[in-house]
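Trainee: The following block contains the structure, expressed as structure tokens.
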Amino acid sequence: MALTTLGIIRLRNLFSVVILSTIYSFLMATLLLIFDAVDVALTEAAVGAGISTVLMLTVLYYTKVNEEKPKFKSILPLIICLTIGGLLIYGTYGLPPFGASDTPIHTHISVQYLERSMSETGVPNVVTSVLASYRGFDTLGEVIVVFTAAIGVLSILKRDKI
Amino acid sequence: MSSTIYNFISSYNYYVIIFLMISGLFIVVSRGNMVKKLVGLALFQTSVYILYISPGKILNGTAPILDDVYSIYSSPFPHVLILTAIVVGIATLALGLSLVIRVNEEFGTIEEDELFDNEPNNE
């Protein structure tokens, strides 16, 4: 995964960058599978590796495939990024260890969902029941966002000007 | 010494996340090509996915699909949030890419440096 990321940074041929990002998405889906997030892994494999690759290849068809050499040296962004990374690593000292079961994330709302989902909705997959039943308004908002994005894409790409 | 190693291993997932995060940020800040910027943005976004999902994992737990055989489940809540985030992410990506196509139609380039050079009222 790290190798793929470094490849994305270094390569100037955008076609290889897009293919590498597809590989990255599949690796990410595998990682999510290891973290027990099967629904998210499926979505990531379909959306991240499938749809976004198709979209990016379409854009590359319309534009140039090779990237120009950047005019400025990238020392300053590197320093900024490393500083932020250092701060984030400092931040990890306050976070719970990996795989523990007594952390706040497992003791508040998740337990309620896991206990009540079967009797209240009858759906064995808790992710589905939370997504469609308990947090249905979230999903409605998500649909609105996708709809707005579709309208935006159509109005940006419209050829004939009024 | 052993506690240091334990600390390192138990927060190894956070180090992976931070590496992905800063590399995504680095691409966004330092690269001029717009398609590459969007790839960097997607990279940054996926690092946030693991940031949410990985604390939800319990060792020896299983996926949150109820069954009599299992009793320990990972937390379903971050999964729901990230499902929404993935779909919203692809929507913003599509919007950004359409903007790239439009910029290319109008100015004939997707490099930021060339765009700044071609600016008409540039003194």
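To be explicit about the labels: the chains of the structure tokens are called A, B, and onward in the order shown, and within each one the residues are counted from 1, while ligands get numbers from 1 in the order they are shown.
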Hey, what's within 8 Å of B:Thr109 if we count only C-alpha atoms and toss same-chain stuff fewer than 5 positions away? As a list of chain:residue names, please?

Mentor: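 Final neighbour list, sorted by chain and number: A:Thr63, A:Lys64, B:Val103, B:Asn104, B:Glu114, B:Leu115.
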
Trainee: Do a neighbour search on A:Asn125 at 7 Å with only C-alpha atoms, toss out local chain neighbours closer than 5 positions, and write the hits as a list in words.

Mentor: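 My reading of the contact set: Pro64, Ile65 and Leu66 of chain B.
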
Trainee: Would you mind exporting N, CA and C atoms of the selected residues as a PDB file, in the first residue's frame?

Mentor:
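Output contents, as saved in again17.pdb:
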ATOM      1  N   PRO B  64     -20.655  -7.224  11.835  1.00  0.00           N
ATOM      2  CA  PRO B  64     -21.922  -7.044  12.562  1.00  0.00           C
ATOM      3  C   PRO B  64     -23.139  -7.582  11.825  1.00  0.00           C
ATOM      4  N   ILE B  65     -23.148  -8.877  11.562  1.00  0.00           N
ATOM      5  CA  ILE B  65     -24.326  -9.538  11.011  1.00  0.00           C
ATOM      6  C   ILE B  65     -24.755 -10.569  12.045  1.00  0.00           C
ATOM      7  N   LEU B  66     -25.943 -10.356  12.622  1.00  0.00           N
ATOM      8  CA  LEU B  66     -26.326 -11.125  13.809  1.00  0.00           C
ATOM      9  C   LEU B  66     -26.507 -12.603  13.499  1.00  0.00           C
TER      10      LEU B  66
END

Trainee: What's the 8 Å shell around A:Val47, counting only C-alpha atoms, without same-chain residues fewer than 5 positions away, as a ChimeraX atom specification?

Mentor: /A:52 /B:86-87,90

Trainee: Please measure the separation of atom CA of A:Pro77 and atom CA of B:Lys37, giving the value in Å to one decimal.

Mentor: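 Computing the Euclidean distance for atom CA of A:Pro77 and atom CA of B:Lys37 yields 13.6 Å.
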
Trainee: At what distance in Å, to one decimal, does atom CA of B:Ser10 lie from atom CA of A:Ile34?

Mentor: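 Atom CA of B:Ser10 lies 15.7 Å from atom CA of A:Ile34.
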
Trainee: Smallest atom-to-atom distance to B:Arg102: which of A:Tyr134, A:Phe98, A:Phe15, A:Tyr62, using only C-alpha atoms?

Mentor: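 Closest to B:Arg102, using only C-alpha atoms: A:Tyr62.
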
Trainee: Any chance you could list, as a PyMOL selection string, the residues in stretch 24-134 of chain A that come up helix (DSSP H, G or I) when DSSP is run on the backbone?

Mentor: chain A and resi 24-34+38-62+75-94+104-107+109-121+126-134

Trainee: Considering only C-alpha atoms, return as a ChimeraX atom specification whatever protein or nucleic-acid residues lie within 8 Å of B:Phe26, sequence-local ones (same chain, fewer than 3 positions apart) excluded.

Mentor: /A:77-78,81 /B:22-23,29-31,40

Trainee: For the residues selected in the previous step, produce a file with C-alpha atoms as a PDB file, in the first residue's frame.

Mentor:
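Generated output (selection_10.pdb):
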ATOM      1  CA  PRO A  77       4.922  21.481   1.236  1.00  0.00           C
ATOM      2  CA  LEU A  78       7.062  18.560   2.434  1.00  0.00           C
ATOM      3  CA  CYS A  81       3.185  17.861   5.706  1.00  0.00           C
TER       4      CYS A  81
ATOM      5  CA  ILE B  22       0.150  13.308   4.833  1.00  0.00           C
ATOM      6  CA  SER B  23       0.959  11.757   1.450  1.00  0.00           C
ATOM      7  CA  VAL B  29      -0.372  20.888  -2.059  1.00  0.00           C
ATOM      8  CA  SER B  30       2.664  20.281  -4.222  1.00  0.00           C
ATOM      9  CA  ARG B  31       1.433  18.894  -7.548  1.00  0.00           C
ATOM     10  CA  GLY B  40      -4.449  12.961  -3.802  1.00  0.00           C
TER      11      GLY B  40
END
